[in-house]
file entry.cif (mmCIF, C-alpha atoms)
data_upload
loop_
_atom_site.label_atom_id
_atom_site.label_comp_id
_atom_site.auth_asym_id
_atom_site.auth_seq_id
_atom_site.Cartn_x
_atom_site.Cartn_y
_atom_site.Cartn_z
CA MET A 7 -26.42 69.62 -42.82
CA SER A 8 -26.24 66.10 -44.20
CA GLY A 9 -29.33 64.15 -43.21
CA PHE A 10 -31.36 67.19 -42.13
CA TRP A 11 -34.10 66.81 -44.73
CA ALA A 12 -34.29 63.04 -44.30
CA LEU A 13 -34.68 63.47 -40.53
CA LEU A 14 -37.23 66.28 -40.86
CA ARG A 15 -39.27 64.38 -43.44
CA LYS A 16 -39.17 61.26 -41.26
CA ASP A 17 -40.35 63.14 -38.15
CA LEU A 18 -43.24 64.79 -39.98
CA LEU A 19 -44.20 61.50 -41.63
CA VAL A 20 -44.21 59.68 -38.28
CA GLU A 21 -46.33 62.45 -36.74
CA SER A 22 -48.77 62.44 -39.65
CA ARG A 23 -49.19 58.66 -39.28
CA ALA A 24 -49.29 58.48 -35.49
CA ARG A 25 -51.77 61.35 -35.25
CA ASP A 26 -51.50 61.37 -31.49
CA LEU A 27 -49.31 64.38 -30.79
CA LEU A 28 -50.97 67.21 -32.68
CA PRO A 29 -54.57 66.26 -31.81
CA SER A 30 -53.77 65.86 -28.10
CA MET A 31 -51.88 69.16 -28.03
CA ALA A 32 -54.69 70.93 -29.88
CA VAL A 33 -57.38 69.50 -27.60
CA LEU A 34 -55.40 70.51 -24.50
CA ALA A 35 -54.95 74.03 -25.89
CA LEU A 36 -58.66 74.35 -26.67
CA LEU A 37 -59.63 73.07 -23.23
CA LEU A 38 -57.30 75.45 -21.41
CA LEU A 39 -58.54 78.42 -23.41
CA ALA A 40 -62.18 77.40 -23.14
CA VAL A 41 -62.00 77.00 -19.36
CA THR A 42 -60.15 80.26 -18.77
CA GLY A 43 -62.39 82.09 -21.25
CA ALA A 44 -65.52 80.75 -19.54
CA ALA A 45 -64.06 81.66 -16.12
CA GLY A 46 -64.19 85.29 -17.19
CA VAL A 47 -60.49 86.04 -17.56
CA GLY A 48 -61.51 88.45 -20.30
CA ALA A 49 -59.79 90.11 -23.22
CA PRO A 50 -56.92 91.72 -21.26
CA GLY A 51 -55.75 88.30 -20.13
CA ALA A 52 -56.02 86.72 -23.57
CA PRO A 53 -52.39 87.22 -24.73
CA ALA A 54 -50.99 85.79 -21.51
CA MET A 55 -53.35 82.82 -21.67
CA LEU A 56 -52.42 82.26 -25.32
CA TRP A 57 -48.72 81.98 -24.52
CA VAL A 58 -49.13 79.99 -21.32
CA THR A 59 -51.29 77.56 -23.29
CA VAL A 60 -48.71 77.29 -26.06
CA ALA A 61 -45.92 76.75 -23.52
CA VAL A 62 -47.85 74.03 -21.65
CA THR A 63 -48.82 72.17 -24.83
CA CYS A 64 -45.26 72.58 -26.06
CA ALA A 65 -43.96 70.83 -22.93
CA LEU A 66 -46.33 67.96 -23.62
CA GLY A 67 -45.47 67.66 -27.28
CA LEU A 68 -41.70 68.04 -27.18
CA LEU A 69 -41.38 65.15 -24.80
CA ARG A 70 -43.07 62.84 -27.27
CA SER A 71 -40.86 63.93 -30.15
CA PHE A 72 -37.84 62.17 -28.64
CA GLN A 73 -39.72 59.07 -27.62
CA GLN A 74 -39.82 58.00 -31.25
CA GLU A 75 -36.00 57.88 -31.12
CA THR A 76 -35.80 55.72 -28.02
CA ASP A 77 -38.56 53.07 -28.09
CA ARG A 78 -36.56 50.84 -30.45
CA ASP A 79 -33.16 52.44 -29.80
CA GLN A 80 -33.47 54.39 -33.07
CA LEU A 81 -31.03 56.94 -31.67
CA HIS A 82 -28.35 54.22 -31.83
CA GLY A 83 -29.16 53.71 -35.50
CA LEU A 84 -28.73 57.43 -36.11
CA ARG A 85 -25.40 57.44 -34.27
CA LEU A 86 -24.18 54.47 -36.27
CA ALA A 87 -25.13 56.30 -39.46
CA GLY A 88 -22.86 59.12 -38.34
CA VAL A 89 -25.65 61.68 -38.05
CA ASP A 90 -24.22 64.91 -36.68
CA PRO A 91 -25.98 65.50 -33.32
CA ALA A 92 -26.29 69.20 -34.18
CA VAL A 93 -28.16 68.26 -37.37
CA LEU A 94 -30.37 65.91 -35.36
CA TYR A 95 -31.22 68.77 -32.99
CA LEU A 96 -31.97 71.18 -35.84
CA ALA A 97 -34.17 68.66 -37.65
CA LYS A 98 -36.04 67.85 -34.42
CA ALA A 99 -36.47 71.55 -33.68
CA ALA A 100 -37.77 72.19 -37.21
CA ALA A 101 -40.30 69.35 -36.94
CA ASN A 102 -41.35 70.53 -33.47
CA PHE A 103 -41.73 74.06 -34.81
CA VAL A 104 -44.20 72.85 -37.44
CA VAL A 105 -46.26 71.04 -34.80
CA VAL A 106 -46.20 73.82 -32.18
CA ALA A 107 -46.88 76.53 -34.78
CA THR A 108 -49.92 74.57 -35.96
CA VAL A 109 -51.19 74.37 -32.37
CA GLU A 110 -50.52 78.06 -31.96
CA ILE A 111 -52.61 78.93 -35.00
CA ILE A 112 -55.46 76.84 -33.59
CA ALA A 113 -55.01 78.49 -30.18
CA LEU A 114 -55.00 81.95 -31.74
CA GLY A 115 -58.31 81.18 -33.42
CA ALA A 116 -59.67 79.84 -30.13
CA VAL A 117 -58.62 83.01 -28.30
CA THR A 118 -60.76 85.12 -30.62
CA VAL A 119 -63.74 82.90 -29.88
CA PHE A 120 -63.38 82.30 -26.14
CA PHE A 121 -62.07 85.75 -25.20
CA GLY A 122 -64.11 87.75 -27.70
CA ILE A 123 -61.23 89.66 -29.24
CA SER A 124 -60.37 90.50 -32.83
CA ILE A 125 -56.89 90.38 -34.28
CA PRO A 126 -55.85 93.66 -35.88
CA PRO A 127 -53.63 93.53 -38.98
CA ARG A 128 -50.29 94.44 -37.40
CA PRO A 129 -47.16 93.46 -39.39
CA ALA A 130 -45.19 92.79 -36.20
CA LEU A 131 -47.68 90.19 -34.94
CA PRO A 132 -46.48 87.32 -37.19
CA ALA A 133 -42.89 88.12 -36.16
CA VAL A 134 -43.76 87.90 -32.46
CA LEU A 135 -45.68 84.66 -32.96
CA LEU A 136 -42.84 83.20 -35.03
CA LEU A 137 -40.09 84.18 -32.60
CA GLY A 138 -42.10 83.26 -29.50
CA THR A 139 -42.68 79.80 -30.93
CA SER A 140 -39.02 79.53 -31.97
CA SER A 141 -37.92 80.40 -28.44
CA LEU A 142 -40.13 77.73 -26.87
CA VAL A 143 -39.13 75.12 -29.44
CA ALA A 144 -35.39 75.89 -29.27
CA SER A 145 -35.26 75.52 -25.48
CA GLY A 146 -37.83 72.72 -25.33
CA THR A 147 -36.15 70.57 -27.95
CA LEU A 148 -32.87 70.80 -26.08
CA LEU A 149 -34.55 69.85 -22.80
CA GLY A 150 -36.54 67.10 -24.49
CA GLY A 151 -33.33 65.56 -25.78
CA MET A 152 -31.65 65.84 -22.39
CA LEU A 153 -34.57 64.18 -20.63
CA ALA A 154 -35.33 61.52 -23.25
CA ALA A 155 -33.64 58.78 -21.25
CA SER A 156 -34.94 59.96 -17.87
CA ARG A 157 -37.61 57.95 -16.08
CA MET A 158 -38.98 61.21 -14.64
CA ARG A 159 -39.22 62.95 -18.02
CA GLU A 160 -43.02 63.41 -17.98
CA VAL A 161 -42.70 65.49 -14.83
CA LEU A 162 -39.32 67.06 -15.40
CA LEU A 163 -39.89 68.58 -18.83
CA PRO A 164 -42.78 70.89 -17.83
CA VAL A 165 -41.13 71.65 -14.50
CA LEU A 166 -37.91 72.70 -16.23
CA LEU A 167 -39.25 74.15 -19.47
CA LEU A 168 -41.77 76.56 -18.00
CA PRO A 169 -39.34 78.50 -15.77
CA LEU A 170 -36.57 78.26 -18.36
CA SER A 171 -38.74 79.70 -21.08
CA ALA A 172 -40.40 82.26 -18.78
CA PRO A 173 -38.44 85.24 -20.21
CA ALA A 174 -39.57 84.32 -23.72
CA VAL A 175 -43.17 83.65 -22.67
CA ILE A 176 -43.36 86.96 -20.78
CA ALA A 177 -41.83 88.89 -23.69
CA ALA A 178 -44.09 87.21 -26.25
CA ALA A 179 -47.20 87.75 -24.11
CA GLY A 180 -46.31 91.40 -23.49
CA ALA A 181 -45.66 92.06 -27.16
CA THR A 182 -48.85 90.24 -28.20
CA ALA A 183 -50.89 92.24 -25.69
CA ARG A 184 -49.52 95.49 -27.09
CA LEU A 185 -50.17 94.44 -30.68
CA LEU A 186 -53.73 93.32 -29.92
CA SER A 187 -54.59 96.57 -28.13
CA PRO A 188 -56.27 99.35 -30.11
CA GLU A 189 -53.38 101.72 -29.39
CA GLY A 190 -50.64 99.33 -30.56
CA GLY A 191 -47.04 100.33 -29.87
CA SER A 192 -43.47 99.32 -30.52
CA VAL A 193 -42.43 95.74 -29.72
CA ALA A 194 -38.85 96.05 -30.96
CA GLY A 195 -37.45 95.29 -27.48
CA GLU A 196 -39.47 92.08 -27.15
CA ILE A 197 -38.59 90.98 -30.67
CA GLY A 198 -34.91 91.54 -29.89
CA LEU A 199 -35.21 89.52 -26.68
CA LEU A 200 -37.01 86.65 -28.42
CA LEU A 201 -34.43 86.64 -31.21
CA ALA A 202 -31.58 86.56 -28.68
CA PHE A 203 -33.30 83.82 -26.67
CA THR A 204 -33.77 81.62 -29.75
CA THR A 205 -30.22 82.24 -30.98
CA LEU A 206 -28.75 81.46 -27.57
CA PHE A 207 -30.55 78.12 -27.21
CA VAL A 208 -29.89 77.04 -30.77
CA ALA A 209 -26.20 77.88 -30.35
CA VAL A 210 -25.93 76.07 -27.01
CA ALA A 211 -27.80 73.04 -28.37
CA VAL A 212 -25.61 72.80 -31.47
CA LEU A 213 -22.54 72.85 -29.23
CA VAL A 214 -23.69 70.39 -26.57
CA PHE A 215 -26.10 68.04 -28.32
CA GLU A 216 -23.36 65.50 -28.96
CA HIS A 217 -23.14 64.97 -25.21
CA VAL A 218 -26.91 64.97 -24.91
CA VAL A 219 -27.41 62.03 -27.29
CA GLU A 220 -24.47 60.06 -26.01
CA GLU A 221 -25.48 57.20 -23.77
CA MET B 6 -7.52 32.83 -32.81
CA THR B 7 -7.93 36.56 -32.98
CA VAL B 8 -5.52 38.14 -35.38
CA ALA B 9 -2.63 40.45 -34.65
CA SER B 10 -3.74 44.05 -34.34
CA GLY B 11 -1.78 45.11 -37.43
CA GLY B 12 -4.22 43.37 -39.79
CA ALA B 13 -7.41 43.74 -37.80
CA LEU B 14 -10.52 45.47 -39.08
CA LEU B 15 -11.97 45.61 -35.58
CA GLU B 16 -9.84 45.99 -32.47
CA VAL B 17 -11.21 46.13 -28.94
CA ARG B 18 -8.41 47.14 -26.62
CA ASN B 19 -8.62 46.60 -22.89
CA VAL B 20 -12.21 47.80 -22.72
CA THR B 21 -13.99 48.21 -19.40
CA LYS B 22 -17.51 49.45 -18.74
CA SER B 23 -19.32 49.59 -15.42
CA TYR B 24 -22.89 50.39 -14.47
CA GLY B 25 -23.56 51.43 -10.91
CA GLY B 26 -20.24 50.09 -9.70
CA ARG B 27 -20.76 46.69 -11.35
CA ALA B 28 -18.45 45.86 -14.24
CA ALA B 29 -20.52 44.86 -17.28
CA VAL B 30 -17.34 44.38 -19.30
CA HIS B 31 -13.90 44.19 -17.76
CA ALA B 32 -10.56 44.41 -19.54
CA VAL B 33 -11.67 42.80 -22.79
CA THR B 34 -9.21 42.76 -25.67
CA LEU B 35 -9.89 41.15 -29.01
CA ALA B 36 -9.32 41.70 -32.69
CA VAL B 37 -11.17 40.54 -35.77
CA GLY B 38 -9.33 40.35 -39.07
CA ALA B 39 -10.59 40.64 -42.63
CA GLY B 40 -12.75 37.71 -43.64
CA ARG B 41 -13.01 36.44 -40.06
CA THR B 42 -15.89 35.94 -37.66
CA VAL B 43 -15.57 36.04 -33.90
CA ALA B 44 -18.34 34.67 -31.71
CA VAL B 45 -18.84 36.24 -28.30
CA LEU B 46 -20.33 33.58 -26.09
CA GLY B 47 -21.61 33.70 -22.58
CA PRO B 48 -24.67 33.27 -20.39
CA ASN B 49 -27.28 35.99 -19.93
CA GLY B 50 -25.76 39.05 -18.28
CA ALA B 51 -22.22 38.10 -19.28
CA GLY B 52 -21.67 41.45 -21.01
CA LYS B 53 -22.05 40.34 -24.64
CA SER B 54 -24.50 43.07 -25.66
CA THR B 55 -22.54 45.75 -23.82
CA LEU B 56 -19.36 44.67 -25.59
CA LEU B 57 -21.06 44.85 -28.98
CA ARG B 58 -22.48 48.30 -28.24
CA ILE B 59 -19.05 49.51 -27.25
CA ALA B 60 -17.57 47.99 -30.40
CA ALA B 61 -20.21 49.83 -32.45
CA GLY B 62 -19.34 53.14 -30.82
CA ILE B 63 -22.86 53.46 -29.44
CA ILE B 64 -21.68 53.63 -25.86
CA ARG B 65 -18.34 54.88 -24.59
CA PRO B 66 -16.24 52.56 -22.47
CA ASP B 67 -14.94 53.77 -19.11
CA ALA B 68 -11.49 52.62 -20.19
CA GLY B 69 -9.91 51.23 -23.33
CA ASP B 70 -10.74 51.97 -26.93
CA VAL B 71 -12.13 50.50 -30.12
CA LEU B 72 -10.57 50.84 -33.55
CA ILE B 73 -12.13 50.14 -36.92
CA THR B 74 -9.51 49.75 -39.65
CA GLY B 75 -7.04 51.31 -37.22
CA ARG B 76 -9.08 54.43 -36.49
CA PRO B 77 -11.22 55.23 -33.44
CA VAL B 78 -14.86 54.25 -33.69
CA THR B 79 -15.72 57.50 -31.91
CA LYS B 80 -15.31 59.31 -35.23
CA PRO B 81 -18.67 59.43 -37.05
CA GLU B 82 -17.13 58.67 -40.45
CA ILE B 83 -15.54 55.54 -38.99
CA ARG B 84 -18.72 54.48 -37.21
CA ARG B 85 -20.48 54.54 -40.59
CA ARG B 86 -18.41 51.51 -41.61
CA VAL B 87 -20.10 49.45 -38.93
CA GLY B 88 -23.37 47.61 -39.40
CA ALA B 89 -25.20 46.46 -36.29
CA ALA B 90 -28.32 44.52 -35.45
CA GLY B 91 -29.33 43.67 -31.92
CA HIS B 92 -32.23 43.20 -29.58
CA GLN B 93 -33.74 46.47 -30.73
CA THR B 94 -34.36 47.04 -34.42
CA PHE B 95 -33.57 50.80 -34.67
CA LEU B 96 -36.67 50.99 -36.89
CA TYR B 97 -39.61 53.42 -36.81
CA GLY B 98 -42.90 51.65 -36.15
CA TYR B 99 -45.07 54.11 -38.06
CA LEU B 100 -42.93 53.92 -41.20
CA THR B 101 -43.28 51.06 -43.63
CA VAL B 102 -40.51 48.54 -44.25
CA GLU B 103 -39.50 50.34 -47.43
CA GLU B 104 -39.66 53.80 -45.83
CA ASN B 105 -37.40 52.68 -43.00
CA LEU B 106 -34.82 51.32 -45.43
CA ARG B 107 -35.09 54.44 -47.59
CA PHE B 108 -34.57 56.66 -44.55
CA TYR B 109 -31.37 54.85 -43.58
CA ALA B 110 -30.24 54.78 -47.23
CA GLN B 111 -30.61 58.56 -47.29
CA LEU B 112 -28.59 58.94 -44.08
CA TYR B 113 -25.82 56.78 -45.58
CA ARG B 114 -26.19 58.57 -48.94
CA LEU B 115 -26.69 55.29 -50.79
CA ASP B 116 -28.05 54.48 -54.21
CA PRO B 117 -31.79 53.73 -53.75
CA ALA B 118 -31.21 50.46 -55.62
CA CYS B 119 -29.76 49.03 -52.39
CA ILE B 120 -33.26 49.15 -50.85
CA GLU B 121 -34.56 46.65 -53.39
CA GLU B 122 -31.51 44.43 -52.80
CA GLY B 123 -32.19 44.42 -49.07
CA LEU B 124 -35.87 43.61 -49.59
CA ILE B 125 -35.02 40.71 -51.90
CA ARG B 126 -32.19 39.38 -49.73
CA PHE B 127 -34.43 38.96 -46.70
CA GLY B 128 -37.65 38.06 -48.47
CA LEU B 129 -39.38 41.33 -47.62
CA ARG B 130 -40.76 42.43 -50.99
CA SER B 131 -44.30 41.39 -50.17
CA HIS B 132 -44.09 43.25 -46.84
CA ARG B 133 -42.55 46.47 -48.19
CA HIS B 134 -45.67 48.59 -47.66
CA ARG B 135 -46.47 47.29 -44.18
CA PRO B 136 -45.75 49.52 -41.16
CA VAL B 137 -43.01 47.99 -39.03
CA ARG B 138 -45.19 48.14 -35.90
CA GLU B 139 -47.54 45.60 -37.53
CA LEU B 140 -44.77 43.08 -38.23
CA SER B 141 -44.04 39.98 -36.20
CA ARG B 142 -40.81 39.82 -34.20
CA GLY B 143 -39.20 37.67 -36.88
CA LEU B 144 -40.17 39.95 -39.76
CA ALA B 145 -39.00 43.03 -37.87
CA GLN B 146 -35.70 41.25 -37.26
CA ARG B 147 -35.38 40.63 -41.01
CA VAL B 148 -35.90 44.34 -41.68
CA SER B 149 -33.35 45.17 -39.01
CA LEU B 150 -30.81 42.88 -40.68
CA ALA B 151 -31.56 44.41 -44.09
CA ARG B 152 -30.96 47.83 -42.51
CA ALA B 153 -27.69 46.74 -40.91
CA LEU B 154 -26.37 45.42 -44.23
CA LEU B 155 -27.76 48.21 -46.42
CA HIS B 156 -24.45 50.09 -46.68
CA ASN B 157 -22.19 47.04 -47.10
CA PRO B 158 -20.44 47.57 -43.77
CA THR B 159 -16.78 46.71 -43.25
CA VAL B 160 -17.55 45.37 -39.78
CA LEU B 161 -20.82 43.66 -38.92
CA LEU B 162 -21.91 43.34 -35.28
CA LEU B 163 -24.76 40.97 -34.57
CA ASP B 164 -26.36 40.45 -31.17
CA GLU B 165 -28.38 37.20 -31.05
CA PRO B 166 -29.29 37.71 -34.71
CA PHE B 167 -31.08 34.38 -35.23
CA THR B 168 -33.66 35.05 -32.53
CA GLY B 169 -37.12 34.95 -34.08
CA LEU B 170 -35.91 34.12 -37.58
CA ASP B 171 -37.51 31.30 -39.53
CA ALA B 172 -35.38 28.84 -41.52
CA GLU B 173 -35.52 30.89 -44.72
CA ALA B 174 -34.46 34.13 -43.03
CA ALA B 175 -31.76 32.35 -41.02
CA GLU B 176 -30.34 30.98 -44.26
CA ALA B 177 -30.44 34.47 -45.79
CA LEU B 178 -28.47 35.77 -42.80
CA ARG B 179 -25.87 32.98 -43.06
CA SER B 180 -25.52 33.80 -46.75
CA ALA B 181 -25.11 37.52 -45.99
CA ILE B 182 -22.41 36.78 -43.39
CA THR B 183 -20.58 34.53 -45.84
CA HIS B 184 -20.80 37.18 -48.54
CA LEU B 185 -19.49 39.91 -46.23
CA ARG B 186 -16.56 37.71 -45.17
CA SER B 187 -15.76 36.76 -48.76
CA ARG B 188 -15.30 40.41 -49.68
CA GLY B 189 -12.99 40.97 -46.72
CA GLY B 190 -15.35 42.14 -44.02
CA ALA B 191 -15.25 41.18 -40.35
CA VAL B 192 -18.11 39.88 -38.22
CA MET B 193 -18.58 39.81 -34.47
CA LEU B 194 -21.51 37.72 -33.33
CA ALA B 195 -22.85 37.61 -29.79
CA THR B 196 -24.82 34.53 -28.96
CA HIS B 197 -25.61 32.13 -26.18
CA ALA B 198 -26.26 29.35 -28.74
CA TRP B 199 -23.10 27.33 -29.13
CA ALA B 200 -24.21 25.69 -32.38
CA GLU B 201 -24.34 29.06 -34.15
CA ALA B 202 -20.85 29.90 -32.95
CA PHE B 203 -19.41 26.56 -34.06
CA GLU B 204 -21.07 26.90 -37.46
CA LEU B 205 -20.27 30.51 -38.30
CA ALA B 206 -17.27 31.68 -36.31
CA ASP B 207 -13.55 31.15 -36.72
CA ASP B 208 -12.79 32.25 -33.17
CA ALA B 209 -14.72 32.44 -29.93
CA VAL B 210 -14.47 34.64 -26.87
CA VAL B 211 -16.32 33.36 -23.83
CA LEU B 212 -17.39 36.07 -21.40
CA VAL B 213 -18.26 35.29 -17.83
CA ALA B 214 -19.35 38.21 -15.63
CA GLY B 215 -17.89 40.63 -18.19
CA ARG B 216 -14.45 39.03 -18.21
CA PRO B 217 -12.97 36.96 -21.01
CA ALA B 218 -12.82 33.46 -19.56
CA LEU B 219 -11.73 31.72 -22.75
CA VAL B 220 -10.36 32.89 -26.12
CA GLU B 221 -9.98 30.10 -28.62
CA GLU B 222 -10.42 29.01 -32.22
CA THR B 223 -13.85 27.43 -32.54
CA ALA B 224 -12.24 24.41 -34.22
CA ALA B 225 -10.42 23.73 -30.97
CA LEU B 226 -13.54 24.09 -28.84
CA ASP B 227 -16.05 21.47 -27.90
CA ALA B 228 -19.19 21.49 -25.82
CA GLU B 229 -17.45 19.96 -22.82
CA ARG B 230 -14.90 22.77 -22.61
CA LEU B 231 -17.58 25.41 -23.00
CA ALA B 232 -19.74 23.77 -20.37
CA ALA B 233 -16.80 23.77 -18.02
CA VAL B 234 -16.47 27.55 -18.43
CA PHE B 235 -20.06 28.69 -18.11
CA GLY B 236 -22.36 25.76 -17.59
CA THR B 237 -24.87 24.20 -19.96
CA PRO B 238 -26.09 26.20 -23.00
#
call {"tool": "encode", "arguments": {"input": "entry.cif", "output": "C-alpha cells"}}
result
Amino acid sequence: MSGFWALLRKDLLVESRARDLLPSMAVLALLLLAVTGAAGVGAPGAPAMLWVTVAVTCALGLLRSFQQETDRDQLHGLRLAGVDPAVLYLAKAAANFVVVATVEIIALGAVTVFFGISIPPRPALPAVLLLGTSSLVASGTLLGGMLAASRMREVLLPVLLLPLSAPAVIAAAGATARLLSPEGGSVAGEIGLLLAFTTLFVAVAVLVFEHVVEE
Amino acid sequence: MTVASGGALLEVRNVTKSYGGRAAVHAVTLAVGAGRTVAVLGPNGAGKSTLLRIAAGIIRPDAGDVLITGRPVTKPEIRRRVGAAGHQTFLYGYLTVEENLRFYAQLYRLDPACIEEGLIRFGLRSHRHRPVRELSRGLAQRVSLARALLHNPTVLLLDEPFTGLDAEAAEALRSAITHLRSRGGAVMLATHAWAEAFELADDAVVLVAGRPALVEETAALDAERLAAVFGTP
C-alpha cells in the first residue's frame, strides 16, 4: 500500500483547493431533488430519487477525479515513481468515496425537505448508505480510469456507469425505501448484494488497473 | 559513440512504436553508459519524444525492449531509477511548488531534506508557496526539473529541457547534468537545438521520421553534416 496515503491526501487537497467538484455535484443533487420534489413525486418515490441523484452526480464527479491525473500527464509521473496501479485505484476510490458520501449526506438532508419525510433511527440505514455509495464509487472509479483518455468520456461515463451500477442502485433504493417506511423490515439480502457488488468491482479493478493506466 | 551494451545504464534495443499505422519510432537501438550523455536530435515529429517516453517505461513499444542497468524498465522498481522531464510537467496545478515536491518525495520515500535541495538548486525558494498553476512556463519547467532530479536518478531523460528557461535556470540544469554524470549517471537529451547537443552530449542520434539516420560522437559532428541529414536547425 506504499503511496496510498500520499495519493489520498493529494486528491483531497486538490479537491479542497479547486472547490469545483463538490459544489457542482451538490448543486446538481439539490436541483434534481428540488425539481422532482416540486413535481409531486412524493414520499414513496424519495428513496429511488435519492439513489438516482447520487448515481448521476457520481457519474459527473468521478470523471473529474481522473482529469487531474491527465492534464499535465501526472499519470506518467506516478508511473515513473513506481506507484502500484492497484494502490492508485484504491486511493482514487477512497477520495471519491469521501466526495460522494458528502454529496449523499447533503442529498439525504434535501430529501427530508423536498419530499417531506423523516428519517427513522434504523441501525441498518448507515450500512445501506455506506455500501450503496461504495458500490457506485468502486464501479465508477474503475470506469473513470478506463475512460480518462477517451475524447467521449463526458458522454460515455454516465452512459456506462448508470446501467452498470443499476443492480446496486436498485438494491440500495429498495433497502432505503424499506428502512424509511414505518413498518421497516429486513434488508439483509440487499446488504449482501451491495457488499458483493463492491467486492467484485474492487477485486476486478485491483487486478486490471495496471492495464487501465497503461498508455 | 554509444557504449557496448555490457556497460550501459540505459539500453534501447530495436524499439519500434506505431500510431495508426504510422511508425513514430522504427528499429531504434542505442545505449548510454555511465557518465555519458546522448543527444537525440531531429526535426519536429521525428519521434524524439516518443523514444524518450519508451525509454522511461511510460509507453510500451510495439517491438523491442528497454533496459535500465540491465533490467527491464517495465518493472516498477527499475522505472524508479529514471528521472524524466518533458513537455508536460507531471505537476498538480492546485498544489504549491513545495507540496508537489513533497508529494513526489513521499512516493519515492525520500528524506524531506531533498525538497529543500531541489528548491535551492533551481532557485525556487521564493516561489515555494505558490500554486503551480500560477507559475510561468519557465518557472513550472524549473519545478518539473527539480521533481525529475529529486530522487537522484540513475538515468535522466530530458525532452527539450531548456525550453522556457532563463539563463540562471539553464545554468542550474547544466550543473545538475554535470553532477549526475560525475557520479556515474546517464543522460538522454532530446532536442532540436544543435548547440545544446554539441555542448552537453558525448554522442548524438539523429532521428528522421522515427528512424536513426545518424549515430555519431558529437565531437565528430558539425552543422554541415547535421544539415545534410535533416535540414537547417
call {"tool": "axis_aligned_box", "arguments": {"input": "entry.cif", "around": "stretch 195-212 of chain A", "padding_each_side": "8 Å", "output": "lines of an AutoDock Vina configuration file"}}
result
center_x = -32.5
center_y = 84.0
center_z = -29.1
size_x = 29.9
size_y = 38.5
size_z = 20.8
call {"tool": "residues_around", "arguments": {"input": "entry.cif", "residues": "B:Gly91", "least_positions_apart": "6", "cutoff": "9 Å", "atoms": "only C-alpha atoms", "output": "JSON, numbers by chain"}}
result
{"B": [54, 57, 146, 149, 150, 162, 163, 164, 165, 166]}
call {"tool": "atom_distance", "arguments": {"input": "entry.cif", "atom1": "atom CA of B:Asp70", "atom2": "atom CA of B:Asn19"}}
result
7.0 Å
call {"tool": "residues_around", "arguments": {"input": "entry.cif", "residues": "stretch 174-182 of chain A", "least_positions_apart": "4", "cutoff": "8 Å", "atoms": "only C-alpha atoms", "output": "JSON, numbers by chain"}}
result
{"A": [53, 54, 56, 57, 58, 61, 131, 134, 135, 138, 141, 142, 186, 193, 196, 197, 199, 200, 203]}
call {"tool": "resolve_selection", "arguments": {"input": "entry.cif", "expression": "the PyMOL selection byres ((chain B) within 8 of (chain A))", "output": "list in words"}}
result
Ala61, Gly62, Ile63, Ile64, Arg65, Pro81, Glu82, Arg84, Arg85, Val87, Gly88, Gln93, Thr94, Phe95, Leu96, Tyr97, Tyr99, Leu100, Phe108, Tyr109, Gln111, Leu112 and Tyr113 of chain B
call {"tool": "residues_around", "arguments": {"input": "entry.cif", "residues": "A:Arg128", "least_positions_apart": "4", "cutoff": "9 Å", "atoms": "only C-alpha atoms", "output": "list of chain:residue names"}}
result
A:Pro132, A:Leu185, A:Leu186, A:Gly190
call {"tool": "resolve_selection", "arguments": {"input": "entry.cif", "expression": "the PyMOL selection byres ((chain B and resi 21) around 12)", "output": "PyMOL selection string"}}
result
chain B and resi 17-20+22-24+26-34+52+55-56+59-60+64-71+214-217
call {"tool": "atom_distance", "arguments": {"input": "entry.cif", "atom1": "atom CA of B:Ala89", "atom2": "atom CA of B:Val220"}}
result
22.5 Å
call {"tool": "residues_around", "arguments": {"input": "entry.cif", "residues": "stretch 28-43 of chain A", "least_positions_apart": "2", "cutoff": "8 Å", "atoms": "only C-alpha atoms", "output": "list in words"}}
result
Glu21, Arg25, Asp26, Ala45, Gly46, Val47, Gly48, Met55, Leu56, Thr59, Val60, Thr63, Cys64, Leu66, Gly67, Val105, Val109, Ile112, Ala113, Ala116, Val117, Phe120 and Phe121 of chain A
call {"tool": "resolve_selection", "arguments": {"input": "entry.cif", "expression": "the PyMOL selection byres ((chain A and resi 147) around 8)", "output": "number ranges by chain"}}
result
A: 68, 95, 98-99, 102, 143-146, 148-151
call {"tool": "atom_distance", "arguments": {"input": "entry.cif", "atom1": "atom CA of B:Thr74", "atom2": "atom CA of B:Leu185"}}
result
15.5 Å
call {"tool": "decode", "arguments": {"input": "entry.cif", "residues": "stretch 136-160 of chain B", "atoms": "C-alpha atoms", "output": "CSV table (one decimal), in the first residue's frame"}}
result
chain,number,residue,atom,x,y,z
B,136,PRO,CA,0.4,27.1,-6.7
B,137,VAL,CA,1.9,25.6,-9.8
B,138,ARG,CA,-1.0,26.8,-12.0
B,139,GLU,CA,0.0,30.4,-11.2
B,140,LEU,CA,3.6,29.9,-12.4
B,141,SER,CA,5.0,31.0,-15.7
B,142,ARG,CA,6.1,28.3,-18.2
B,143,GLY,CA,9.7,28.8,-17.3
B,144,LEU,CA,9.1,28.5,-13.5
B,145,ALA,CA,6.9,25.4,-14.0
B,146,GLN,CA,9.7,23.9,-16.0
B,147,ARG,CA,12.1,24.6,-13.2
B,148,VAL,CA,9.8,22.8,-10.7
B,149,SER,CA,9.5,19.9,-13.2
B,150,LEU,CA,13.3,19.6,-13.4
B,151,ALA,CA,13.5,19.7,-9.6
B,152,ARG,CA,11.0,16.9,-9.4
B,153,ALA,CA,12.8,14.8,-12.0
B,154,LEU,CA,16.1,15.1,-10.1
B,155,LEU,CA,14.5,14.8,-6.6
B,156,HIS,CA,15.5,11.1,-6.2
B,157,ASN,CA,18.9,11.3,-7.7
B,158,PRO,CA,18.0,9.1,-10.7
B,159,THR,CA,20.5,6.8,-12.3
B,160,VAL,CA,19.2,7.7,-15.8
